[in-house]
Amino acid sequence: MLTLNQIHKTFYANTPDEKRAISDLTQTLNEGDFVTVIGSNGAGKSTLLNLLAGTILPDAGNIHLNDQNLTLLSEEKRAKWIGRVFQNPMAGTAPNMTIEENMMISLGRTQKRSLFRGMTKKKREEFKEHLATLEIGLENRLNTKVGLLSGGERQALSLLMATFTEPQILLLDEHTAALDPSKQELILSLTRELVEKHSLTTIMVTHQMEQAIDFGNRLWMMDEGKIIFEAEDEEKDKLTVPDLLEAFQEIRGTKLANDRALLAK
Amino acid sequence: MITSLYGALETGLIYAIMALGVYISFRILDFPDLTVDGSFVTGGGVAAISIIGGVDPIVATLLGFVAGFLVGCITGLLHTKGNINPLLAGIIMMIGLYSVNLRIMGQANLSLLNETTLFSQLEGIFESLSLDAVFFAPYEWLGLGAYTPRTFYAIVMMLLVVFVVKKLLDFFLRTETGLALRATGDNQTMVRSFSANTNVYIILGIGLANALVALSGALVVQYNGFADVNLGVGMIVVGLASVIIGEVLFGKKTIVRTTFAIICGAIVYRAIYAMALRVDFLEASDMKLITALIVVAALVVPNMLQKSSEKRQFKKSQKALTRVKQQKGEVQVANVKSNS
């Protein structure tokens with residue numbers, strides 16, 4: 001369904017700061033796959049998501065979604081098929097607009113925006129239903145400005161807005177990293193629920209090994225722009241945190257104390 | 001005095017349309033657009049030269065509107081496709097438009113005194129139907145005969161035009177396109193992630209903003225009976241003053257409320273302006289300074305009020321706390337006494 005073919009991306013090429021963010025990455029995702037991606041800072045996880053979302057373009061290689069060539073397509077054009085939740089809870093919603101207005105904008109992802117009054121009674125009911133599934137009372141606050149919500153509530157709303165129009169690919173970029181532990185739990189369980197409900201093909205970047213093991217049917221470990229370790233289905237089900245750490249050490253041949261601290265739970 | 005206030009109401013209503021345009025660029029898109037100084041004259045110039053050329057005043061006014069839209073789109077293009085900073089894009093357009101406006105008008109000053117304008121047309125209708133008498137009647141009946149304006153046609157017409165513009169704008173800002181436009185000013189990353197091209201919305205929005213400004217210019221020219229190439233100098237500040245005064249005095253809870261507030265803000269601004277003109281030692285040439293001072297006051301005073309009210313709130317709650325503590329202390333003292 002989604003294929004990445006020999007993707008390369010280097011930042012600041014031919015300067016002393018040259019950084020190979022992604023090198024020779026080839027992968028295929030099937031429909032309904034849920035991939036978790038782990039790796040230390042600078043491993044290329046975010047670059048990978050940005051390449052898929054179209055905020056940056058690759059130096060070489062190509063990206064296909066079904067039969068559509070996405071490689072050079074602009075961010076807003078491919079957003080038709082790709083939903084996204086950002087790390088920053090402020091990034092996914094418009095603060096000066098109400099909850100229902102935000103929901104309307106997310107509807108525009110799949111339909112052309114018209115010159116008609118968007119809001120109808122039927123749509124409002126629909127929004128209420130969707131918001132009720134979050135179970136944080138947002139369904140009674142349709143006319144509240146989003147800027148007045150807490151970080152956790154905003155992230156829950158972002159997640160809902162990215163999923164309820166059923167994108168073909170859902171990208172989650174460390175979407176719980178900026179929240180406190182209890183809110184992380186909430187967002188994670190919502191993620192599980194919503195992804196299952198709409199059976200979305202998902203790529204989730206995370207810093208926490210346990211999350212990576214808990215979620216999804218596939219796991220990629222990235223380092224220096226490459227996927228250095230993969231696990232799928234049963235193999236992944238058996239994985240534990242020590243296994244992952246061991247795998248990392250084996251492949252890299254080094255005991256990276258810093259990385260260990262970063263990657264450990 | 002009374003006459004000058006009615007005059008303020010008339011001009012305030014005309015400039016309100018310009019203020020609504022400034023609201024779109026400055027507030028909704030968060031784009032401080034200085035094109036306004038130029039596009040105001042472009043609208044006026046196009047309308048004036050069309051009217052002199054024998055075009056129907058209504059069509060001429062609409063031509064001014066369209067010209068403003070095109071000018072605004074160019075500013076939008078400079079910013080989005082040319083990657084020019086919004087302020088700079090506006091300044092470039094403002095300077096460039098000065099020459100363009102002179103080209104359009106052919107000379108620095110055009111007189112419309114002997115031409116048929118929207119206002120003279122309506123004045124004719126009012127006279128032939130003696131409609132003024134209808135409006136004067138309630139004043140006479142209330143014994144306020146001394147407080148009537150000279151005539152009602154300008155007020156009636158501008159109320160009508162402003163009402164229609166406001167209604168259309170309110171409607172547009174709540175359509176799906178309007179929502180995306182508002183979100184573009186709020187959070188571009190988010191809008192792009194929901195498959196909307198923010199560049200298109202910025203160009204469209206700045207176009208619409210300048211179209212309203214130009215429409216206002218076209219009406220001002222017909223109201224004044226002349227077009228002048230310097231008519232737009234400082235217009236952006238006047239617009240800002242109206243927006244800020246309106247928001248502070250009349251609130252900005254919803255879109256409908258805000259557009260209403262801005263219209264009122266424009267009228268209040270004109271009233272202040274008219275009052276200031278009546279002060280003896282001030283001259284007409286001081287008005288730009290007064291405008292600047294009004295804007296400074298409108299920007300600074302609300303912030304200061306907010307801060308001082310927070311402080312007052314703090315002191316109040318502090319006092320309440322100490323009072324509670326004292327009462328408790330007294331109770332404890334009383335307890336100790338009764339025990340002993």
# chains A, B, ... in the order shown; residues from 1 in each chain; ligands from 1
call {"tool": "interface_residues", "arguments": {"of": "chain B", "to": "chain A", "cutoff": "9 Å", "atoms": "only C-alpha atoms", "output": "ChimeraX atom specification"}}
result
/B:171-180,182-198
call {"tool": "select_by_dssp", "arguments": {"residues": "stretch 59-183 of chain A", "states": "alpha helix (DSSP H)", "output": "ChimeraX atom specification"}}
result
/A:75-78,99-107,121-132,151-163,181-183
call {"tool": "residues_around", "arguments": {"residues": "A:Asp33", "least_positions_apart": "3", "cutoff": "9 Å", "atoms": "only C-alpha atoms", "output": "list in words"}}
result
Leu29, Asn30, Ser199, Leu200, Thr201, Thr202, Ile203, Gly216, Asn217 and Arg218 of chain A
call {"tool": "write_last_selection", "arguments": {"atoms": "C-alpha atoms", "output": "PDB file, in the first residue's frame"}}
result
ATOM      1  CA  LEU A  29       3.545  -1.019   4.504  1.00  0.00           C
ATOM      2  CA  ASN A  30       0.436  -3.122   4.086  1.00  0.00           C
ATOM      3  CA  SER A 199      -8.738   0.382  11.030  1.00  0.00           C
ATOM      4  CA  LEU A 200      -6.100   2.927  10.070  1.00  0.00           C
ATOM      5  CA  THR A 201      -2.649   2.223   8.694  1.00  0.00           C
ATOM      6  CA  THR A 202      -0.462   3.973  11.242  1.00  0.00           C
ATOM      7  CA  ILE A 203       3.137   5.006  11.802  1.00  0.00           C
ATOM      8  CA  GLY A 216       1.058  -2.183  16.740  1.00  0.00           C
ATOM      9  CA  ASN A 217       2.087  -5.205  14.782  1.00  0.00           C
ATOM     10  CA  ARG A 218       5.456  -3.985  13.522  1.00  0.00           C
TER      11      ARG A 218
END
call {"tool": "select_by_dssp", "arguments": {"residues": "stretch 5-236 of chain A", "states": "strand (DSSP E)", "output": "JSON list (two decimals) with N, CA, C and O atoms, in the first residue's frame"}}
result
[["chain", "number", "residue", "atom", "x", "y", "z"],
["A", 5, "ASN", "N", 10.94, 3.74, -1.51],
["A", 5, "ASN", "CA", 11.95, 3.07, -2.32],
["A", 5, "ASN", "C", 13.25, 3.86, -2.33],
["A", 5, "ASN", "O", 13.31, 4.96, -2.86],
["A", 6, "GLN", "N", 14.27, 3.29, -1.71],
["A", 6, "GLN", "CA", 15.63, 3.87, -1.70],
["A", 6, "GLN", "C", 15.64, 5.37, -1.43],
["A", 6, "GLN", "O", 16.17, 6.16, -2.20],
["A", 7, "ILE", "N", 15.06, 5.72, -0.30],
["A", 7, "ILE", "CA", 14.98, 7.13, 0.06],
["A", 7, "ILE", "C", 16.31, 7.60, 0.67],
["A", 7, "ILE", "O", 16.89, 6.93, 1.53],
["A", 8, "HIS", "N", 16.79, 8.74, 0.20],
["A", 8, "HIS", "CA", 17.96, 9.39, 0.78],
["A", 8, "HIS", "C", 17.61, 10.80, 1.17],
["A", 8, "HIS", "O", 16.88, 11.48, 0.45],
["A", 9, "LYS", "N", 18.13, 11.24, 2.30],
["A", 9, "LYS", "CA", 17.98, 12.66, 2.64],
["A", 9, "LYS", "C", 19.19, 13.09, 3.45],
["A", 9, "LYS", "O", 19.51, 12.52, 4.49],
["A", 10, "THR", "N", 19.90, 14.10, 2.96],
["A", 10, "THR", "CA", 21.05, 14.65, 3.67],
["A", 10, "THR", "C", 20.79, 16.13, 3.91],
["A", 10, "THR", "O", 20.41, 16.85, 2.99],
["A", 11, "PHE", "N", 21.01, 16.56, 5.15],
["A", 11, "PHE", "CA", 20.88, 17.99, 5.44],
["A", 11, "PHE", "C", 22.26, 18.65, 5.35],
["A", 11, "PHE", "O", 23.26, 18.04, 5.67],
["A", 19, "LYS", "N", 24.68, 16.20, 7.51],
["A", 19, "LYS", "CA", 24.02, 15.21, 8.35],
["A", 19, "LYS", "C", 23.18, 14.30, 7.49],
["A", 19, "LYS", "O", 22.26, 14.74, 6.81],
["A", 20, "ARG", "N", 23.53, 13.03, 7.52],
["A", 20, "ARG", "CA", 22.73, 12.06, 6.78],
["A", 20, "ARG", "C", 21.54, 11.66, 7.62],
["A", 20, "ARG", "O", 21.66, 10.90, 8.57],
["A", 21, "ALA", "N", 20.39, 12.19, 7.27],
["A", 21, "ALA", "CA", 19.22, 11.93, 8.10],
["A", 21, "ALA", "C", 18.58, 10.59, 7.75],
["A", 21, "ALA", "O", 18.15, 9.85, 8.62],
["A", 22, "ILE", "N", 18.49, 10.31, 6.46],
["A", 22, "ILE", "CA", 17.93, 9.04, 6.01],
["A", 22, "ILE", "C", 18.84, 8.53, 4.90],
["A", 22, "ILE", "O", 19.17, 9.26, 3.98],
["A", 23, "SER", "N", 19.28, 7.27, 5.02],
["A", 23, "SER", "CA", 20.08, 6.76, 3.92],
["A", 23, "SER", "C", 19.55, 5.41, 3.45],
["A", 23, "SER", "O", 19.38, 4.48, 4.23],
["A", 24, "ASP", "N", 19.26, 5.37, 2.18],
["A", 24, "ASP", "CA", 18.85, 4.15, 1.48],
["A", 24, "ASP", "C", 17.75, 3.39, 2.21],
["A", 24, "ASP", "O", 17.92, 2.23, 2.56],
["A", 25, "LEU", "N", 16.65, 4.03, 2.43],
["A", 25, "LEU", "CA", 15.56, 3.39, 3.15],
["A", 25, "LEU", "C", 14.54, 2.82, 2.18],
["A", 25, "LEU", "O", 14.02, 3.52, 1.33],
["A", 26, "THR", "N", 14.30, 1.52, 2.29],
["A", 26, "THR", "CA", 13.29, 0.88, 1.46],
["A", 26, "THR", "C", 12.37, 0.07, 2.35],
["A", 26, "THR", "O", 12.83, -0.76, 3.13],
["A", 27, "GLN", "N", 11.08, 0.36, 2.27],
["A", 27, "GLN", "CA", 10.11, -0.32, 3.12],
["A", 27, "GLN", "C", 8.76, -0.39, 2.44],
["A", 27, "GLN", "O", 8.45, 0.42, 1.57],
["A", 28, "THR", "N", 7.97, -1.37, 2.84],
["A", 28, "THR", "CA", 6.60, -1.46, 2.33],
["A", 28, "THR", "C", 5.66, -1.63, 3.51],
["A", 28, "THR", "O", 5.94, -2.38, 4.44],
["A", 29, "LEU", "N", 4.57, -0.88, 3.47],
["A", 29, "LEU", "CA", 3.55, -1.02, 4.50],
["A", 29, "LEU", "C", 2.30, -1.62, 3.88],
["A", 29, "LEU", "O", 1.90, -1.21, 2.79],
["A", 34, "PHE", "N", 0.33, -1.31, 11.73],
["A", 34, "PHE", "CA", 0.57, -0.28, 12.74],
["A", 34, "PHE", "C", 2.04, -0.41, 13.12],
["A", 34, "PHE", "O", 2.43, -1.35, 13.80],
["A", 35, "VAL", "N", 2.85, 0.53, 12.64],
["A", 35, "VAL", "CA", 4.28, 0.47, 12.87],
["A", 35, "VAL", "C", 4.66, 1.41, 14.00],
["A", 35, "VAL", "O", 4.24, 2.57, 14.00],
["A", 36, "THR", "N", 5.46, 0.93, 14.95],
["A", 36, "THR", "CA", 6.03, 1.85, 15.93],
["A", 36, "THR", "C", 7.50, 2.04, 15.59],
["A", 36, "THR", "O", 8.18, 1.09, 15.22],
["A", 37, "VAL", "N", 7.95, 3.27, 15.68],
["A", 37, "VAL", "CA", 9.34, 3.59, 15.32],
["A", 37, "VAL", "C", 10.04, 4.13, 16.56],
["A", 37, "VAL", "O", 9.56, 5.08, 17.17],
["A", 38, "ILE", "N", 11.17, 3.49, 16.94],
["A", 38, "ILE", "CA", 11.96, 4.04, 18.05],
["A", 38, "ILE", "C", 13.36, 4.36, 17.58],
["A", 38, "ILE", "O", 13.80, 3.89, 16.52],
["A", 39, "GLY", "N", 14.07, 5.10, 18.39],
["A", 39, "GLY", "CA", 15.43, 5.47, 18.06],
["A", 39, "GLY", "C", 15.82, 6.66, 18.88],
["A", 39, "GLY", "O", 14.95, 7.37, 19.39],
["A", 60, "ALA", "N", 16.72, 11.68, -3.02],
["A", 60, "ALA", "CA", 16.61, 10.61, -4.02],
["A", 60, "ALA", "C", 15.59, 9.60, -3.55],
["A", 60, "ALA", "O", 15.24, 9.57, -2.37],
["A", 61, "GLY", "N", 15.13, 8.75, -4.48],
["A", 61, "GLY", "CA", 14.17, 7.72, -4.13],
["A", 61, "GLY", "C", 12.75, 8.15, -4.42],
["A", 61, "GLY", "O", 12.53, 9.25, -4.91],
["A", 62, "ASN", "N", 11.81, 7.26, -4.17],
["A", 62, "ASN", "CA", 10.42, 7.66, -4.37],
["A", 62, "ASN", "C", 9.47, 7.04, -3.36],
["A", 62, "ASN", "O", 9.76, 6.03, -2.74],
["A", 63, "ILE", "N", 8.34, 7.69, -3.20],
["A", 63, "ILE", "CA", 7.32, 7.27, -2.24],
["A", 63, "ILE", "C", 6.02, 7.08, -3.01],
["A", 63, "ILE", "O", 5.60, 7.97, -3.75],
["A", 64, "HIS", "N", 5.41, 5.91, -2.85],
["A", 64, "HIS", "CA", 4.13, 5.66, -3.51],
["A", 64, "HIS", "C", 3.07, 5.27, -2.48],
["A", 64, "HIS", "O", 3.35, 4.52, -1.57],
["A", 65, "LEU", "N", 1.88, 5.82, -2.69],
["A", 65, "LEU", "CA", 0.74, 5.38, -1.88],
["A", 65, "LEU", "C", -0.27, 4.80, -2.87],
["A", 65, "LEU", "O", -0.77, 5.51, -3.72],
["A", 68, "GLN", "N", -0.43, 6.09, -6.44],
["A", 68, "GLN", "CA", -0.14, 7.52, -6.51],
["A", 68, "GLN", "C", 1.32, 7.79, -6.14],
["A", 68, "GLN", "O", 1.79, 7.31, -5.12],
["A", 69, "ASN", "N", 2.01, 8.53, -6.99],
["A", 69, "ASN", "CA", 3.39, 8.89, -6.66],
["A", 69, "ASN", "C", 3.39, 10.14, -5.78],
["A", 69, "ASN", "O", 3.01, 11.21, -6.21],
["A", 82, "ILE", "N", -3.29, 11.65, 4.05],
["A", 82, "ILE", "CA", -2.44, 11.44, 5.21],
["A", 82, "ILE", "C", -2.89, 12.31, 6.38],
["A", 82, "ILE", "O", -2.98, 13.53, 6.26],
["A", 83, "GLY", "N", -3.20, 11.69, 7.50],
["A", 83, "GLY", "CA", -3.57, 12.42, 8.70],
["A", 83, "GLY", "C", -2.37, 12.52, 9.61],
["A", 83, "GLY", "O", -1.49, 11.66, 9.58],
["A", 84, "ARG", "N", -2.32, 13.57, 10.43],
["A", 84, "ARG", "CA", -1.11, 13.81, 11.19],
["A", 84, "ARG", "C", -1.43, 14.34, 12.58],
["A", 84, "ARG", "O", -2.29, 15.20, 12.74],
["A", 85, "VAL", "N", -0.74, 13.85, 13.59],
["A", 85, "VAL", "CA", -0.81, 14.45, 14.92],
["A", 85, "VAL", "C", 0.59, 14.85, 15.32],
["A", 85, "VAL", "O", 1.52, 14.05, 15.23],
["A", 169, "ILE", "N", -3.28, 6.94, 5.67],
["A", 169, "ILE", "CA", -2.11, 6.78, 6.54],
["A", 169, "ILE", "C", -2.24, 7.76, 7.69],
["A", 169, "ILE", "O", -2.59, 8.92, 7.48],
["A", 170, "LEU", "N", -1.97, 7.29, 8.89],
["A", 170, "LEU", "CA", -1.96, 8.18, 10.05],
["A", 170, "LEU", "C", -0.54, 8.28, 10.59],
["A", 170, "LEU", "O", 0.10, 7.26, 10.84],
["A", 171, "LEU", "N", -0.04, 9.51, 10.71],
["A", 171, "LEU", "CA", 1.31, 9.72, 11.23],
["A", 171, "LEU", "C", 1.23, 10.32, 12.64],
["A", 171, "LEU", "O", 0.61, 11.35, 12.83],
["A", 172, "LEU", "N", 1.85, 9.64, 13.60],
["A", 172, "LEU", "CA", 1.86, 10.15, 14.97],
["A", 172, "LEU", "C", 3.29, 10.45, 15.35],
["A", 172, "LEU", "O", 4.12, 9.56, 15.44],
["A", 173, "ASP", "N", 3.57, 11.74, 15.57],
["A", 173, "ASP", "CA", 4.96, 12.15, 15.79],
["A", 173, "ASP", "C", 5.18, 12.42, 17.28],
["A", 173, "ASP", "O", 5.01, 13.54, 17.73],
["A", 201, "THR", "N", -4.06, 2.56, 8.84],
["A", 201, "THR", "CA", -2.65, 2.22, 8.69],
["A", 201, "THR", "C", -1.85, 3.33, 9.38],
["A", 201, "THR", "O", -2.01, 4.49, 9.04],
["A", 202, "THR", "N", -1.03, 2.96, 10.37],
["A", 202, "THR", "CA", -0.46, 3.97, 11.24],
["A", 202, "THR", "C", 1.05, 3.85, 11.37],
["A", 202, "THR", "O", 1.59, 2.74, 11.40],
["A", 203, "ILE", "N", 1.72, 4.98, 11.44],
["A", 203, "ILE", "CA", 3.14, 5.01, 11.80],
["A", 203, "ILE", "C", 3.27, 5.88, 13.03],
["A", 203, "ILE", "O", 2.90, 7.06, 13.00],
["A", 204, "MET", "N", 3.76, 5.30, 14.13],
["A", 204, "MET", "CA", 3.86, 6.06, 15.37],
["A", 204, "MET", "C", 5.31, 6.13, 15.83],
["A", 204, "MET", "O", 5.95, 5.11, 16.05],
["A", 205, "VAL", "N", 5.81, 7.35, 15.96],
["A", 205, "VAL", "CA", 7.16, 7.55, 16.47],
["A", 205, "VAL", "C", 7.09, 7.72, 17.97],
["A", 205, "VAL", "O", 6.20, 8.40, 18.48],
["A", 218, "ARG", "N", 4.08, -4.03, 14.03],
["A", 218, "ARG", "CA", 5.46, -3.98, 13.52],
["A", 218, "ARG", "C", 6.27, -2.97, 14.32],
["A", 218, "ARG", "O", 5.71, -2.00, 14.86],
["A", 219, "LEU", "N", 7.57, -3.19, 14.37],
["A", 219, "LEU", "CA", 8.44, -2.26, 15.09],
["A", 219, "LEU", "C", 9.69, -2.02, 14.26],
["A", 219, "LEU", "O", 10.28, -2.96, 13.72],
["A", 220, "TRP", "N", 10.05, -0.74, 14.13],
["A", 220, "TRP", "CA", 11.32, -0.39, 13.48],
["A", 220, "TRP", "C", 12.20, 0.32, 14.50],
["A", 220, "TRP", "O", 11.73, 1.24, 15.17],
["A", 221, "MET", "N", 13.47, -0.11, 14.58],
["A", 221, "MET", "CA", 14.40, 0.66, 15.39],
["A", 221, "MET", "C", 15.33, 1.38, 14.44],
["A", 221, "MET", "O", 15.93, 0.77, 13.55],
["A", 222, "MET", "N", 15.46, 2.67, 14.61],
["A", 222, "MET", "CA", 16.28, 3.45, 13.68],
["A", 222, "MET", "C", 17.54, 3.96, 14.33],
["A", 222, "MET", "O", 17.57, 4.27, 15.53],
["A", 223, "ASP", "N", 18.60, 4.05, 13.55],
["A", 223, "ASP", "CA", 19.83, 4.68, 14.01],
["A", 223, "ASP", "C", 20.58, 5.21, 12.81],
["A", 223, "ASP", "O", 20.70, 4.52, 11.79],
["A", 226, "LYS", "N", 19.06, 4.77, 9.34],
["A", 226, "LYS", "CA", 18.72, 3.45, 8.80],
["A", 226, "LYS", "C", 17.83, 2.71, 9.78],
["A", 226, "LYS", "O", 17.87, 2.97, 10.99],
["A", 227, "ILE", "N", 17.05, 1.79, 9.25],
["A", 227, "ILE", "CA", 16.30, 0.90, 10.13],
["A", 227, "ILE", "C", 17.23, -0.25, 10.47],
["A", 227, "ILE", "O", 17.57, -1.07, 9.60],
["A", 228, "ILE", "N", 17.70, -0.32, 11.73],
["A", 228, "ILE", "CA", 18.72, -1.31, 12.06],
["A", 228, "ILE", "C", 18.11, -2.57, 12.65],
["A", 228, "ILE", "O", 18.76, -3.59, 12.76],
["A", 229, "PHE", "N", 16.85, -2.50, 13.03],
["A", 229, "PHE", "CA", 16.22, -3.69, 13.62],
["A", 229, "PHE", "C", 14.73, -3.65, 13.33],
["A", 229, "PHE", "O", 14.09, -2.61, 13.45],
["A", 230, "GLU", "N", 14.20, -4.78, 12.91],
["A", 230, "GLU", "CA", 12.77, -4.85, 12.62],
["A", 230, "GLU", "C", 12.17, -6.06, 13.31],
["A", 230, "GLU", "O", 12.83, -7.09, 13.46],
["A", 231, "ALA", "N", 10.93, -5.96, 13.70],
["A", 231, "ALA", "CA", 10.23, -7.13, 14.23],
["A", 231, "ALA", "C", 8.79, -7.05, 13.76],
["A", 231, "ALA", "O", 8.24, -5.97, 13.61],
["A", 232, "GLU", "N", 8.19, -8.22, 13.51],
["A", 232, "GLU", "CA", 6.83, -8.24, 12.99],
["A", 232, "GLU", "C", 6.01, -9.29, 13.70],
["A", 232, "GLU", "O", 6.54, -10.33, 14.13]]
call {"tool": "closest_residue", "arguments": {"among": "A:Met103, A:Leu190, A:Glu224, A:Ile213", "to": "A:Val241", "atoms": "only C-alpha atoms"}}
result
A:Ile213
call {"tool": "atom_distance", "arguments": {"atom1": "atom CA of B:Tyr269", "atom2": "atom CA of B:Asp170"}}
result
22.3 Å
call {"tool": "decode", "arguments": {"residues": "stretch 46-58 of chain B", "atoms": "N, CA, C and O atoms", "output": "PDB file, in the first residue's frame"}}
result
ATOM      1  N   VAL B  46     -10.364  54.713  -9.472  1.00  0.00           N
ATOM      2  CA  VAL B  46     -11.064  53.947 -10.516  1.00  0.00           C
ATOM      3  C   VAL B  46     -12.520  54.378 -10.587  1.00  0.00           C
ATOM      4  O   VAL B  46     -13.069  54.606 -11.673  1.00  0.00           O
ATOM      5  N   ALA B  47     -13.151  54.522  -9.410  1.00  0.00           N
ATOM      6  CA  ALA B  47     -14.558  54.928  -9.407  1.00  0.00           C
ATOM      7  C   ALA B  47     -14.712  56.324 -10.006  1.00  0.00           C
ATOM      8  O   ALA B  47     -15.597  56.552 -10.839  1.00  0.00           O
ATOM      9  N   ALA B  48     -13.825  57.255  -9.608  1.00  0.00           N
ATOM     10  CA  ALA B  48     -13.944  58.638 -10.074  1.00  0.00           C
ATOM     11  C   ALA B  48     -13.775  58.728 -11.583  1.00  0.00           C
ATOM     12  O   ALA B  48     -14.596  59.349 -12.282  1.00  0.00           O
ATOM     13  N   ILE B  49     -12.717  58.102 -12.085  1.00  0.00           N
ATOM     14  CA  ILE B  49     -12.448  58.226 -13.516  1.00  0.00           C
ATOM     15  C   ILE B  49     -13.545  57.532 -14.324  1.00  0.00           C
ATOM     16  O   ILE B  49     -13.903  57.974 -15.418  1.00  0.00           O
ATOM     17  N   SER B  50     -14.120  56.438 -13.773  1.00  0.00           N
ATOM     18  CA  SER B  50     -15.216  55.762 -14.475  1.00  0.00           C
ATOM     19  C   SER B  50     -16.437  56.659 -14.528  1.00  0.00           C
ATOM     20  O   SER B  50     -17.099  56.769 -15.555  1.00  0.00           O
ATOM     21  N   ILE B  51     -16.735  57.284 -13.383  1.00  0.00           N
ATOM     22  CA  ILE B  51     -17.913  58.150 -13.338  1.00  0.00           C
ATOM     23  C   ILE B  51     -17.751  59.307 -14.328  1.00  0.00           C
ATOM     24  O   ILE B  51     -18.672  59.644 -15.079  1.00  0.00           O
ATOM     25  N   ILE B  52     -16.558  59.908 -14.347  1.00  0.00           N
ATOM     26  CA  ILE B  52     -16.301  60.995 -15.279  1.00  0.00           C
ATOM     27  C   ILE B  52     -16.427  60.501 -16.707  1.00  0.00           C
ATOM     28  O   ILE B  52     -16.913  61.202 -17.597  1.00  0.00           O
ATOM     29  N   GLY B  53     -16.031  59.242 -16.908  1.00  0.00           N
ATOM     30  CA  GLY B  53     -16.152  58.652 -18.242  1.00  0.00           C
ATOM     31  C   GLY B  53     -17.576  58.252 -18.592  1.00  0.00           C
ATOM     32  O   GLY B  53     -17.813  57.661 -19.647  1.00  0.00           O
ATOM     33  N   GLY B  54     -18.525  58.495 -17.694  1.00  0.00           N
ATOM     34  CA  GLY B  54     -19.928  58.246 -18.031  1.00  0.00           C
ATOM     35  C   GLY B  54     -20.453  56.888 -17.590  1.00  0.00           C
ATOM     36  O   GLY B  54     -21.555  56.490 -17.952  1.00  0.00           O
ATOM     37  N   VAL B  55     -19.662  56.163 -16.789  1.00  0.00           N
ATOM     38  CA  VAL B  55     -20.139  54.864 -16.303  1.00  0.00           C
ATOM     39  C   VAL B  55     -21.153  55.089 -15.192  1.00  0.00           C
ATOM     40  O   VAL B  55     -21.068  56.061 -14.442  1.00  0.00           O
ATOM     41  N   ASP B  56     -22.135  54.201 -15.116  1.00  0.00           N
ATOM     42  CA  ASP B  56     -23.129  54.266 -14.051  1.00  0.00           C
ATOM     43  C   ASP B  56     -22.428  54.210 -12.692  1.00  0.00           C
ATOM     44  O   ASP B  56     -21.511  53.416 -12.498  1.00  0.00           O
ATOM     45  N   PRO B  57     -22.818  55.068 -11.730  1.00  0.00           N
ATOM     46  CA  PRO B  57     -22.116  55.117 -10.441  1.00  0.00           C
ATOM     47  C   PRO B  57     -22.042  53.772  -9.714  1.00  0.00           C
ATOM     48  O   PRO B  57     -21.036  53.467  -9.091  1.00  0.00           O
ATOM     49  N   ILE B  58     -23.110  52.979  -9.804  1.00  0.00           N
ATOM     50  CA  ILE B  58     -23.086  51.674  -9.130  1.00  0.00           C
ATOM     51  C   ILE B  58     -21.996  50.803  -9.745  1.00  0.00           C
ATOM     52  O   ILE B  58     -21.181  50.196  -9.037  1.00  0.00           O
TER      53      ILE B  58
END
